[in-house]
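Dropping work_33.csv in here (CSV, C-alpha atoms (C1' of nucleotides)):
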```csv
chain,number,residue,atom,x,y,z
A,1,MET,CA,25.2,-10.9,1.4
A,2,MET,CA,25.3,-8.4,-1.4
A,3,GLY,CA,28.9,-7.4,-0.5
A,4,GLU,CA,30.0,-11.0,-1.2
A,5,ALA,CA,27.9,-11.2,-4.4
A,6,THR,CA,29.3,-8.0,-5.7
A,7,LYS,CA,32.9,-9.3,-5.1
A,8,PHE,CA,32.1,-12.3,-7.3
A,9,PHE,CA,30.5,-10.1,-9.9
A,10,ASP,CA,33.7,-8.0,-10.1
A,11,GLU,CA,35.9,-11.1,-10.2
A,12,MET,CA,33.8,-12.5,-13.0
A,13,VAL,CA,34.1,-9.3,-15.0
A,14,GLU,CA,37.8,-9.1,-14.3
A,15,ARG,CA,38.3,-12.6,-15.7
A,16,GLY,CA,36.5,-11.6,-18.9
A,17,ILE,CA,33.4,-13.7,-18.3
A,18,LEU,CA,30.5,-11.8,-19.6
A,19,PRO,CA,27.6,-11.3,-17.2
A,20,ASN,CA,24.3,-12.1,-18.8
A,21,GLU,CA,20.6,-11.4,-18.0
A,22,VAL,CA,20.6,-14.0,-15.2
A,23,THR,CA,23.6,-12.4,-13.5
A,24,TYR,CA,22.0,-9.0,-13.6
A,25,ASN,CA,18.6,-10.2,-12.6
A,26,LEU,CA,20.1,-11.9,-9.5
A,27,LEU,CA,22.0,-8.8,-8.5
A,28,ILE,CA,18.9,-6.6,-9.0
A,29,ASP,CA,16.8,-9.0,-6.8
A,30,GLY,CA,19.5,-9.1,-4.1
A,31,HIS,CA,19.8,-5.3,-3.9
A,32,CYS,CA,16.0,-4.9,-3.8
A,33,ARG,CA,15.8,-7.4,-0.9
A,34,GLU,CA,18.3,-5.3,1.0
A,35,GLY,CA,16.2,-2.2,0.3
A,36,ASN,CA,18.8,-0.7,-2.1
A,37,THR,CA,16.5,0.1,-5.0
A,38,VAL,CA,18.8,2.9,-6.1
A,39,ARG,CA,21.6,0.4,-6.7
A,40,ALA,CA,19.2,-2.0,-8.3
A,41,PHE,CA,18.1,0.6,-10.8
A,42,GLU,CA,21.7,1.3,-11.6
A,43,PHE,CA,22.1,-2.3,-12.7
A,44,PHE,CA,18.8,-2.1,-14.5
A,45,ASP,CA,20.3,0.8,-16.6
A,46,GLU,CA,23.6,-0.9,-17.0
A,47,MET,CA,21.8,-3.9,-18.6
A,48,VAL,CA,20.7,-1.7,-21.5
A,49,LYS,CA,24.2,-0.3,-22.0
A,50,ARG,CA,25.5,-3.9,-22.3
A,51,GLY,CA,22.8,-4.8,-24.7
A,52,LEU,CA,21.0,-7.1,-22.3
A,53,VAL,CA,17.2,-7.4,-22.3
A,54,HIS,CA,15.0,-6.9,-19.4
A,55,ASP,CA,12.3,-9.5,-18.6
A,56,THR,CA,9.8,-10.3,-15.9
A,57,TYR,CA,12.7,-11.6,-13.8
A,58,THR,CA,14.1,-8.1,-13.9
A,59,TYR,CA,10.8,-6.2,-13.3
A,60,ARG,CA,9.4,-8.3,-10.5
A,61,PRO,CA,12.1,-7.6,-7.9
A,62,LEU,CA,12.1,-3.9,-8.8
A,63,ILE,CA,8.4,-3.7,-8.2
A,64,SER,CA,8.7,-5.5,-4.9
A,65,GLY,CA,11.7,-3.4,-3.9
A,66,LEU,CA,9.8,-0.1,-4.6
A,67,CYS,CA,6.8,-1.4,-2.7
A,68,SER,CA,8.8,-2.6,0.4
A,69,THR,CA,10.5,0.7,0.6
A,70,GLY,CA,7.3,2.6,0.8
A,71,ARG,CA,7.0,3.7,-2.8
A,72,VAL,CA,4.0,1.8,-4.1
A,73,SER,CA,2.9,4.7,-6.3
A,74,GLU,CA,6.3,4.6,-8.0
A,75,ALA,CA,5.9,0.9,-8.5
A,76,LYS,CA,2.5,1.5,-10.1
A,77,THR,CA,4.0,4.2,-12.4
A,78,PHE,CA,6.8,1.7,-13.3
A,79,VAL,CA,4.3,-1.0,-14.2
A,80,ASP,CA,2.1,1.4,-16.2
A,81,ASP,CA,5.1,2.8,-18.1
A,82,LEU,CA,6.3,-0.7,-19.0
A,83,HIS,CA,2.8,-1.6,-20.2
A,84,LYS,CA,2.5,1.5,-22.3
A,85,GLU,CA,5.8,0.8,-24.0
A,86,ASN,CA,4.6,-2.8,-24.7
A,87,TYR,CA,7.0,-4.6,-22.4
A,88,LYS,CA,5.3,-7.8,-21.3
A,89,LEU,CA,4.6,-8.2,-17.6
A,90,ASN,CA,3.1,-11.4,-16.0
A,91,GLU,CA,1.1,-12.3,-12.9
A,92,MET,CA,4.2,-12.3,-10.7
A,93,CYS,CA,4.9,-8.7,-11.5
A,94,TYR,CA,1.3,-7.7,-10.7
A,95,SER,CA,1.1,-9.8,-7.6
A,96,ALA,CA,4.1,-7.8,-6.3
A,97,LEU,CA,2.2,-4.6,-6.9
A,98,LEU,CA,-1.0,-6.0,-5.3
A,99,HIS,CA,1.0,-7.0,-2.3
A,100,GLY,CA,2.4,-3.6,-2.0
A,101,TYR,CA,-1.0,-2.0,-2.0
A,102,CYS,CA,-2.5,-4.5,0.5
A,103,LYS,CA,0.4,-4.0,2.9
A,104,GLU,CA,-0.4,-0.4,3.1
A,105,GLY,CA,-4.1,-1.2,3.7
A,106,ARG,CA,-5.0,0.0,0.2
A,107,LEU,CA,-7.3,-2.8,-0.9
A,108,HIS,CA,-9.3,-0.5,-3.1
A,109,ASP,CA,-6.2,0.4,-5.1
A,110,ALA,CA,-5.1,-3.2,-5.2
A,111,LEU,CA,-8.5,-4.2,-6.8
A,112,GLY,CA,-8.1,-1.3,-9.3
A,113,ALA,CA,-4.7,-2.6,-10.3
A,114,CYS,CA,-6.1,-6.0,-10.6
A,115,ARG,CA,-8.8,-4.9,-13.0
A,116,GLU,CA,-6.1,-3.3,-15.1
A,117,MET,CA,-4.1,-6.4,-15.1
A,118,ILE,CA,-7.1,-8.4,-16.4
A,119,GLU,CA,-7.8,-5.8,-19.0
A,120,ARG,CA,-4.2,-6.2,-20.1
A,121,GLY,CA,-4.7,-9.8,-20.7
A,122,ILE,CA,-3.1,-11.3,-17.6
A,123,ASP,CA,-5.1,-13.8,-15.6
A,124,MET,CA,-5.3,-13.8,-11.9
A,125,ASP,CA,-3.6,-16.8,-10.3
A,126,LEU,CA,-3.8,-18.3,-6.8
A,127,VAL,CA,-1.1,-16.0,-5.5
A,128,CYS,CA,-3.0,-12.9,-6.7
A,129,TYR,CA,-6.1,-14.1,-4.9
A,130,ALA,CA,-4.1,-14.9,-1.8
A,131,VAL,CA,-2.7,-11.4,-1.6
A,132,LEU,CA,-6.2,-9.8,-2.1
A,133,ILE,CA,-7.8,-12.2,0.3
A,134,CYS,CA,-5.2,-11.3,3.0
A,135,GLY,CA,-5.9,-7.6,2.3
A,136,ALA,CA,-9.6,-8.0,2.6
A,137,LEU,CA,-9.2,-10.0,5.9
A,138,LYS,CA,-7.0,-7.3,7.4
A,139,GLN,CA,-9.4,-4.5,6.3
A,140,GLN,CA,-12.3,-6.6,7.7
A,141,ASP,CA,-14.0,-6.2,4.4
A,142,THR,CA,-16.2,-9.2,4.6
A,143,GLY,CA,-18.2,-8.4,1.4
A,144,ARG,CA,-15.1,-8.3,-0.8
A,145,LEU,CA,-13.7,-11.3,1.0
A,146,PHE,CA,-16.6,-13.4,0.1
A,147,GLY,CA,-16.6,-11.9,-3.4
A,148,LEU,CA,-13.0,-13.0,-3.9
A,149,PHE,CA,-13.6,-16.5,-2.6
A,150,ASN,CA,-16.5,-16.9,-5.1
A,151,GLU,CA,-14.6,-15.5,-8.0
A,152,MET,CA,-11.6,-17.7,-7.2
A,153,HIS,CA,-13.9,-20.7,-7.0
A,154,ASN,CA,-15.4,-19.9,-10.3
A,155,GLN,CA,-12.0,-19.8,-11.9
A,156,GLY,CA,-11.5,-23.3,-10.7
A,157,LEU,CA,-8.9,-22.3,-8.0
A,158,ARG,CA,-9.0,-23.8,-4.6
A,159,PRO,CA,-7.7,-22.1,-1.4
A,160,ASP,CA,-4.4,-23.5,-0.3
A,161,ASN,CA,-2.4,-23.8,2.8
A,162,VAL,CA,-1.2,-20.2,2.6
A,163,ILE,CA,-4.7,-18.7,2.2
A,164,TYR,CA,-6.0,-20.8,5.1
A,165,THR,CA,-3.0,-19.7,7.2
A,166,SER,CA,-3.6,-16.0,6.6
A,167,MET,CA,-7.2,-16.5,7.8
A,168,ILE,CA,-6.1,-18.3,10.9
A,169,ASP,CA,-3.5,-15.7,11.6
A,170,VAL,CA,-5.8,-12.7,11.3
A,171,TYR,CA,-8.6,-14.3,13.3
A,172,GLY,CA,-6.2,-15.4,16.0
A,173,LYS,CA,-4.6,-12.0,16.3
A,174,ARG,CA,-8.1,-10.5,16.7
A,175,GLY,CA,-9.0,-12.9,19.4
A,176,LYS,CA,-11.5,-14.7,17.3
A,177,LEU,CA,-10.3,-18.2,18.2
A,178,ASP,CA,-13.6,-19.9,17.3
A,179,LYS,CA,-13.2,-18.6,13.8
A,180,ALA,CA,-9.6,-19.5,13.6
A,181,PHE,CA,-10.4,-23.1,14.7
A,182,GLY,CA,-13.3,-23.1,12.2
A,183,VAL,CA,-10.9,-22.3,9.4
A,184,TRP,CA,-8.5,-25.0,10.7
A,185,ASP,CA,-11.3,-27.6,10.5
A,186,ILE,CA,-12.3,-26.6,7.0
A,187,MET,CA,-8.7,-26.7,5.9
A,188,VAL,CA,-8.1,-30.2,7.3
A,189,GLY,CA,-11.5,-31.3,5.9
A,190,GLU,CA,-10.3,-30.2,2.5
A,191,GLY,CA,-7.3,-32.4,2.9
A,192,CYS,CA,-5.0,-29.4,3.2
A,193,LEU,CA,-2.3,-30.2,5.7
A,194,PRO,CA,-1.3,-27.5,8.3
A,195,ASN,CA,2.4,-26.8,8.4
A,196,VAL,CA,4.7,-25.1,10.9
A,197,VAL,CA,3.5,-21.7,9.7
A,198,THR,CA,-0.2,-22.6,10.2
A,199,TYR,CA,0.5,-24.1,13.6
A,200,THR,CA,2.5,-21.0,14.6
A,201,ALA,CA,-0.3,-18.6,13.6
A,202,LEU,CA,-2.6,-20.5,15.9
A,203,VAL,CA,-0.1,-20.7,18.7
A,204,TYR,CA,0.3,-17.0,18.6
A,205,GLY,CA,-3.5,-16.5,18.8
A,206,LEU,CA,-3.7,-18.9,21.7
A,207,CYS,CA,-0.9,-17.3,23.6
A,208,LYS,CA,-2.2,-13.8,23.0
A,209,ALA,CA,-5.6,-14.9,24.4
A,210,GLY,CA,-3.9,-16.3,27.5
A,211,TYR,CA,-4.2,-20.0,26.6
A,212,MET,CA,-0.6,-20.9,26.8
A,213,ASP,CA,-1.5,-24.4,28.0
A,214,LYS,CA,-3.5,-25.0,24.8
A,215,ALA,CA,-0.7,-23.5,22.7
A,216,GLU,CA,1.7,-26.0,24.3
A,217,LEU,CA,-0.6,-28.9,23.5
A,218,LEU,CA,-0.8,-27.7,20.0
A,219,CYS,CA,3.0,-27.9,19.8
A,220,LYS,CA,2.8,-31.5,20.9
A,221,ASP,CA,0.3,-32.1,18.1
A,222,MET,CA,2.8,-30.7,15.7
A,223,LEU,CA,5.2,-33.5,16.4
A,224,VAL,CA,2.4,-36.0,15.6
A,225,GLY,CA,1.7,-34.1,12.3
A,226,ASP,CA,5.4,-34.6,11.4
A,227,THR,CA,6.2,-30.9,11.7
A,228,LEU,CA,8.5,-29.2,14.2
A,229,PRO,CA,8.0,-25.9,16.1
A,230,ASN,CA,10.6,-23.5,14.9
A,231,HIS,CA,12.2,-20.3,16.3
A,232,VAL,CA,9.1,-18.3,15.3
A,233,THR,CA,6.8,-20.7,17.2
A,234,TYR,CA,9.0,-20.3,20.3
A,235,GLY,CA,9.0,-16.5,19.7
A,236,CYS,CA,5.3,-16.5,20.2
A,237,PHE,CA,5.7,-18.0,23.7
A,238,LEU,CA,8.6,-15.7,24.5
A,239,ASP,CA,6.5,-12.8,23.4
A,240,HIS,CA,3.7,-13.7,25.7
A,241,LEU,CA,5.9,-14.6,28.7
A,242,SER,CA,7.7,-11.3,28.3
A,243,LYS,CA,4.5,-9.3,28.0
A,244,GLU,CA,3.2,-10.8,31.3
A,245,GLY,CA,6.6,-10.2,32.9
A,246,SER,CA,7.5,-13.9,33.4
A,247,MET,CA,11.1,-13.3,32.4
A,248,GLU,CA,12.4,-16.3,34.3
A,249,LYS,CA,10.2,-18.6,32.4
A,250,ALA,CA,11.1,-16.8,29.2
A,251,ILE,CA,14.8,-17.3,29.8
A,252,GLN,CA,14.3,-20.9,30.6
A,253,LEU,CA,12.6,-21.4,27.3
A,254,HIS,CA,15.3,-19.4,25.5
A,255,ASN,CA,18.0,-21.6,26.9
A,256,THR,CA,16.1,-24.7,25.8
A,257,MET,CA,16.0,-23.2,22.3
A,258,LEU,CA,19.7,-22.5,22.3
A,259,ALA,CA,20.3,-26.2,22.8
A,260,GLY,CA,18.5,-27.0,19.6
A,261,LEU,CA,17.0,-24.4,17.3
A,262,SER,CA,19.1,-21.3,17.4
A,263,ALA,CA,17.6,-18.0,18.5
A,264,ASN,CA,17.5,-15.2,16.1
A,265,THR,CA,17.5,-11.4,16.2
A,266,VAL,CA,13.8,-11.3,16.8
A,267,THR,CA,13.8,-13.7,19.7
A,268,TYR,CA,16.6,-11.8,21.3
A,269,ASN,CA,14.7,-8.6,20.8
A,270,ILE,CA,11.6,-10.0,22.5
A,271,LEU,CA,13.7,-10.8,25.6
A,272,ILE,CA,15.6,-7.6,25.6
A,273,ARG,CA,12.3,-5.7,25.4
A,274,GLY,CA,10.9,-7.8,28.2
A,275,PHE,CA,13.8,-7.0,30.6
A,276,CYS,CA,13.9,-3.3,29.7
A,277,LYS,CA,10.2,-2.9,30.3
A,278,MET,CA,10.7,-4.4,33.8
A,279,GLY,CA,13.6,-2.0,34.5
A,280,LYS,CA,16.2,-4.8,34.4
A,281,PHE,CA,18.7,-3.1,32.1
A,282,GLN,CA,21.6,-5.3,33.2
A,283,GLU,CA,19.9,-8.6,32.1
A,284,ALA,CA,18.9,-7.0,28.8
A,285,SER,CA,22.4,-5.8,28.2
A,286,ASP,CA,23.8,-9.3,29.0
A,287,LEU,CA,21.6,-10.6,26.2
A,288,LEU,CA,23.1,-8.2,23.8
A,289,VAL,CA,26.5,-9.5,24.6
A,290,GLU,CA,25.2,-13.1,24.3
A,291,MET,CA,23.7,-12.6,20.9
A,292,THR,CA,26.9,-11.0,19.5
A,293,ALA,CA,29.1,-13.9,20.8
A,294,ASN,CA,31.2,-15.3,17.9
A,295,ASP,CA,29.4,-18.6,17.7
A,296,ARG,CA,26.0,-17.0,17.3
A,297,GLY,CA,27.0,-14.4,14.8
A,298,LEU,CA,23.9,-12.3,15.3
A,299,LYS,CA,24.0,-8.5,14.9
A,300,PRO,CA,21.9,-6.3,17.1
A,301,ASP,CA,19.6,-4.1,15.1
A,302,ILE,CA,18.0,-0.7,15.7
A,303,LEU,CA,15.1,-2.3,17.7
A,304,ALA,CA,17.5,-3.9,20.2
A,305,TYR,CA,19.2,-0.6,20.8
A,306,ASN,CA,15.9,1.3,21.0
A,307,PHE,CA,14.7,-1.2,23.7
A,308,LEU,CA,18.0,-0.8,25.6
A,309,ILE,CA,17.8,3.0,25.4
A,310,TYR,CA,14.3,2.8,26.7
A,311,GLY,CA,15.5,0.6,29.6
A,312,CYS,CA,18.1,3.2,30.6
A,313,CYS,CA,15.7,6.1,30.3
A,314,VAL,CA,13.1,4.5,32.6
A,315,THR,CA,15.8,3.8,35.3
A,316,GLY,CA,17.1,7.4,34.9
A,317,GLU,CA,20.5,6.3,33.6
A,318,LEU,CA,20.5,9.0,30.9
A,319,ALA,CA,24.2,9.0,30.3
A,320,LYS,CA,24.1,5.3,29.5
A,321,ALA,CA,21.3,5.9,27.1
A,322,PHE,CA,23.4,8.4,25.1
A,323,GLU,CA,26.4,6.1,25.2
A,324,LEU,CA,24.2,3.4,23.6
A,325,ARG,CA,23.2,5.9,20.9
A,326,ASP,CA,26.9,6.4,20.1
A,327,ASP,CA,27.5,2.7,20.3
A,328,MET,CA,24.8,2.0,17.7
A,329,MET,CA,26.1,4.6,15.4
A,330,LYS,CA,29.6,3.0,15.7
A,331,ARG,CA,28.0,-0.2,14.5
A,332,GLY,CA,26.6,1.5,11.5
A,333,LEU,CA,23.1,1.6,12.7
A,334,LYS,CA,21.3,4.9,12.1
A,335,PRO,CA,19.2,6.1,15.1
A,336,ASP,CA,15.6,6.5,13.9
A,337,ARG,CA,12.5,8.4,15.1
A,338,VAL,CA,11.9,6.0,17.9
A,339,THR,CA,15.5,6.3,19.1
A,340,TYR,CA,15.2,10.1,19.3
A,341,ASN,CA,11.7,10.1,20.8
A,342,THR,CA,12.9,7.7,23.5
A,343,LEU,CA,15.9,9.9,24.3
A,344,ILE,CA,13.7,13.0,24.3
A,345,HIS,CA,11.2,11.3,26.6
A,346,GLY,CA,14.0,10.2,28.9
A,347,THR,CA,15.5,13.6,29.0
A,348,CYS,CA,12.2,15.2,29.9
A,349,LEU,CA,11.6,12.6,32.7
A,350,THR,CA,15.0,13.2,34.2
A,351,SER,CA,15.4,17.0,34.1
B,1,DA,C1',20.7,-21.2,-14.3
B,2,DT,C1',17.4,-16.1,-11.7
B,3,DA,C1',10.6,-14.9,-9.3
B,4,DG,C1',5.5,-13.7,-6.2
B,5,DG,C1',1.4,-14.8,-1.2
B,6,DG,C1',1.0,-17.0,5.1
B,7,DT,C1',4.1,-17.3,11.5
B,8,DT,C1',7.7,-14.0,16.4
B,9,DA,C1',10.1,-7.9,18.2
B,10,DG,C1',8.7,-0.9,18.8
```

Whole structure given in structure tokens:
Amino acid sequence: MMGEATKFFDEMVERGILPNEVTYNLLIDGHCREGNTVRAFEFFDEMVKRGLVHDTYTYRPLISGLCSTGRVSEAKTFVDDLHKENYKLNEMCYSALLHGYCKEGRLHDALGACREMIERGIDMDLVCYAVLICGALKQQDTGRLFGLFNEMHNQGLRPDNVIYTSMIDVYGKRGKLDKAFGVWDIMVGEGCLPNVVTYTALVYGLCKAGYMDKAELLCKDMLVGDTLPNHVTYGCFLDHLSKEGSMEKAIQLHNTMLAGLSANTVTYNILIRGFCKMGKFQEASDLLVEMTANDRGLKPDILAYNFLIYGCCVTGELAKAFELRDDMMKRGLKPDRVTYNTLIHGTCLTS
DNA sequence: ATAGGGTTAG
């Protein structure tokens, strides 16, 4: 809600209350989370003009922001420049950079940055290890995975919930359910309790492999374990049902969810995609209306529109597809590459 | 007084 935050900032300045480092760091973090790194760096510069000092609370969001907008090399340059000019960074700043590299599948560069971090006198902590372990898992680099576990162990650090969950997630997505359950057993054996995220990762794996019945049983187990399935957990079921074309069952589950946990943009998108793939544009379109109803307050995003446009294209209703394109622009959503590819594909099919 | 890693959609 950066619009709101900015209003308060303006009000504060107007009333003569001087913003300090905390004020600026919060705004910088917020803008970065919204992907507006340009605005964030404007505040970064403004701090200097006001005589305010940057610290790791300022740097960390900027590094994350650059990484999440696809500019990991700029993030690296930023980090290196700060180091050269003797500004102190900490493990949180570095873990943000490592995360950026790993998300792009650049484990090798992450390990390089890690070495530099250690040379610069900053110790790896559990989060740094978690990020690298997740990277090694996704790259299927077993050698480095074991190396990291060993190193972590030698530093006296034990894997936690998050690390175990990453493993379960990756193995589950790859259909290696035996391995996923193996990790689960180790985790429980270590006295580390699975939470809703852990359960959900396993539920997704089970659904994907076609074991919906087992996934349902796992949800019942959750209740015993004093955790509750959330909208993400239900999203896994919706995803699977939609992919196999069981839209009736999916809607049934969706309606059950509406009674308790509220659906979010992702769960609506899963359903919209499902109907569109089956050529049921009307049902998909009704869901768009449902999600925007006042009491839900959800905003359709580019994905929802792209699915709907796809739905029109496959049924040959090209005029409607272009109407939707206009409609999304009116809502301030910029058509992206997928939007245009879908429209081009639809036009080719029709003419 | 402000931070980082793990779960659902193309």

Tell me which protein, DNA and RNA residues are within 8 Å of B:DG4, counting all atoms listed in the file, leaving out same-chain ones fewer than 5 positions away, and put them as a PyMOL selection string. chain A and resi 60+92-93+95-96+127

Store the residues picked out above, limited to C-alpha atoms, as a compact mmCIF listing (two decimals), in the coordinates of the input.
```
# COMPACT_ATOMS: atom_id res chain seq x y z
CA ARG A 60 9.40 -8.30 -10.50
CA MET A 92 4.20 -12.30 -10.70
CA CYS A 93 4.90 -8.70 -11.50
CA SER A 95 1.10 -9.80 -7.60
CA ALA A 96 4.10 -7.80 -6.30
CA VAL A 127 -1.10 -16.00 -5.50
```

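Of the residues listed (A:Thr256, A:Asp141, A:Leu308, A:Asp301), A:Leu308 shows the shortest atom-to-atom separation from A:Ala284; distances use all atoms listed in the file.
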
Name the residues in contact with A:Ala75 at a cut-off of 9 Å, using all atoms listed in the file, excluding same-chain residues fewer than 6 positions from it; report them as JSON, numbers by chain. {"A": [62, 63, 64, 65, 66, 67, 97, 100]}

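Our summary of the geometry notes that atom CA of A:Arg331 is positioned 25.3 Å from atom CA of A:Phe8.
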
Taking all atoms listed in the file into account, report as a ChimeraX atom specification which residues of chain A lie within 6 Å of chain B. /A:22,26,57,92,127,130-131,162,165-166,197,200-201,232,235-236,266,269-270

So the first atom is atom CA of A:Leu126 and the second is atom CA of A:Thr23; what is the distance between them in Å, to one decimal place?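 If I compute the distance from atom CA of A:Leu126 to atom CA of A:Thr23, I get 28.8 Å.
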
Using only C-alpha atoms (C1' of nucleotides), which residues sit within 9 Å of A:Lys208 once same-chain residues fewer than 4 positions away are excluded, as a PDB file with C-alpha atoms, keeping the file's coordinate frame?
```
ATOM      1  CA  GLY A 172      -6.200 -15.400  16.000  1.00  0.00           C
ATOM      2  CA  LYS A 173      -4.600 -12.000  16.300  1.00  0.00           C
ATOM      3  CA  GLY A 175      -9.000 -12.900  19.400  1.00  0.00           C
ATOM      4  CA  VAL A 203      -0.100 -20.700  18.700  1.00  0.00           C
ATOM      5  CA  TYR A 204       0.300 -17.000  18.600  1.00  0.00           C
ATOM      6  CA  MET A 212      -0.600 -20.900  26.800  1.00  0.00           C
ATOM      7  CA  CYS A 236       5.300 -16.500  20.200  1.00  0.00           C
ATOM      8  CA  PHE A 237       5.700 -18.000  23.700  1.00  0.00           C
ATOM      9  CA  ASP A 239       6.500 -12.800  23.400  1.00  0.00           C
ATOM     10  CA  HIS A 240       3.700 -13.700  25.700  1.00  0.00           C
TER      11      HIS A 240
END
```

For the point (-0.2, -25.4, 14.4) in the file's frame, write as a PyMOL selection string all residues with an atom no more than 8 Å away, counting all atoms listed in the file. chain A and resi 194-203+218-219+221-222

Quote the spacing between atom CA of A:Gln140 and atom CA of A:Leu177 in Å to one decimal place.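 Atom CA of A:Leu177 lies 15.8 Å from atom CA of A:Gln140.
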
Quick one: residues within 12 Å of A:Glu42, all atoms listed in the file, excluding same-chain residues fewer than 3 positions away - as a PyMOL selection string? chain A and resi 24-25+27-28+31-32+36-39+45-49+62

Skipping near chain neighbours, those fewer than 3 positions away, what residues fall within 12 Å of A:Ile118 using all atoms listed in the file, listed as a PDB file with C-alpha atoms, in the coordinates of the input?
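Saved file out.pdb follows:
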```
ATOM      1  CA  LEU A  89       4.600  -8.200 -17.600  1.00  0.00           C
ATOM      2  CA  ASN A  90       3.100 -11.400 -16.000  1.00  0.00           C
ATOM      3  CA  GLU A  91       1.100 -12.300 -12.900  1.00  0.00           C
ATOM      4  CA  TYR A  94       1.300  -7.700 -10.700  1.00  0.00           C
ATOM      5  CA  LEU A 111      -8.500  -4.200  -6.800  1.00  0.00           C
ATOM      6  CA  GLY A 112      -8.100  -1.300  -9.300  1.00  0.00           C
ATOM      7  CA  ALA A 113      -4.700  -2.600 -10.300  1.00  0.00           C
ATOM      8  CA  CYS A 114      -6.100  -6.000 -10.600  1.00  0.00           C
ATOM      9  CA  ARG A 115      -8.800  -4.900 -13.000  1.00  0.00           C
ATOM     10  CA  GLY A 121      -4.700  -9.800 -20.700  1.00  0.00           C
ATOM     11  CA  ILE A 122      -3.100 -11.300 -17.600  1.00  0.00           C
ATOM     12  CA  ASP A 123      -5.100 -13.800 -15.600  1.00  0.00           C
ATOM     13  CA  MET A 124      -5.300 -13.800 -11.900  1.00  0.00           C
ATOM     14  CA  ASP A 125      -3.600 -16.800 -10.300  1.00  0.00           C
ATOM     15  CA  CYS A 128      -3.000 -12.900  -6.700  1.00  0.00           C
TER      16      CYS A 128
END
```

Could you give me the centre and size, in Å to one decimal, of an axis-aligned box around all listed atoms of stretch 132-150 of chain A with 5 Å added on every side, as AutoDock Vina command-line options?
```
--center_x -11.7 --center_y -10.7 --center_z 1.3 --size_x 23.0 --size_y 22.4 --size_z 22.8
```
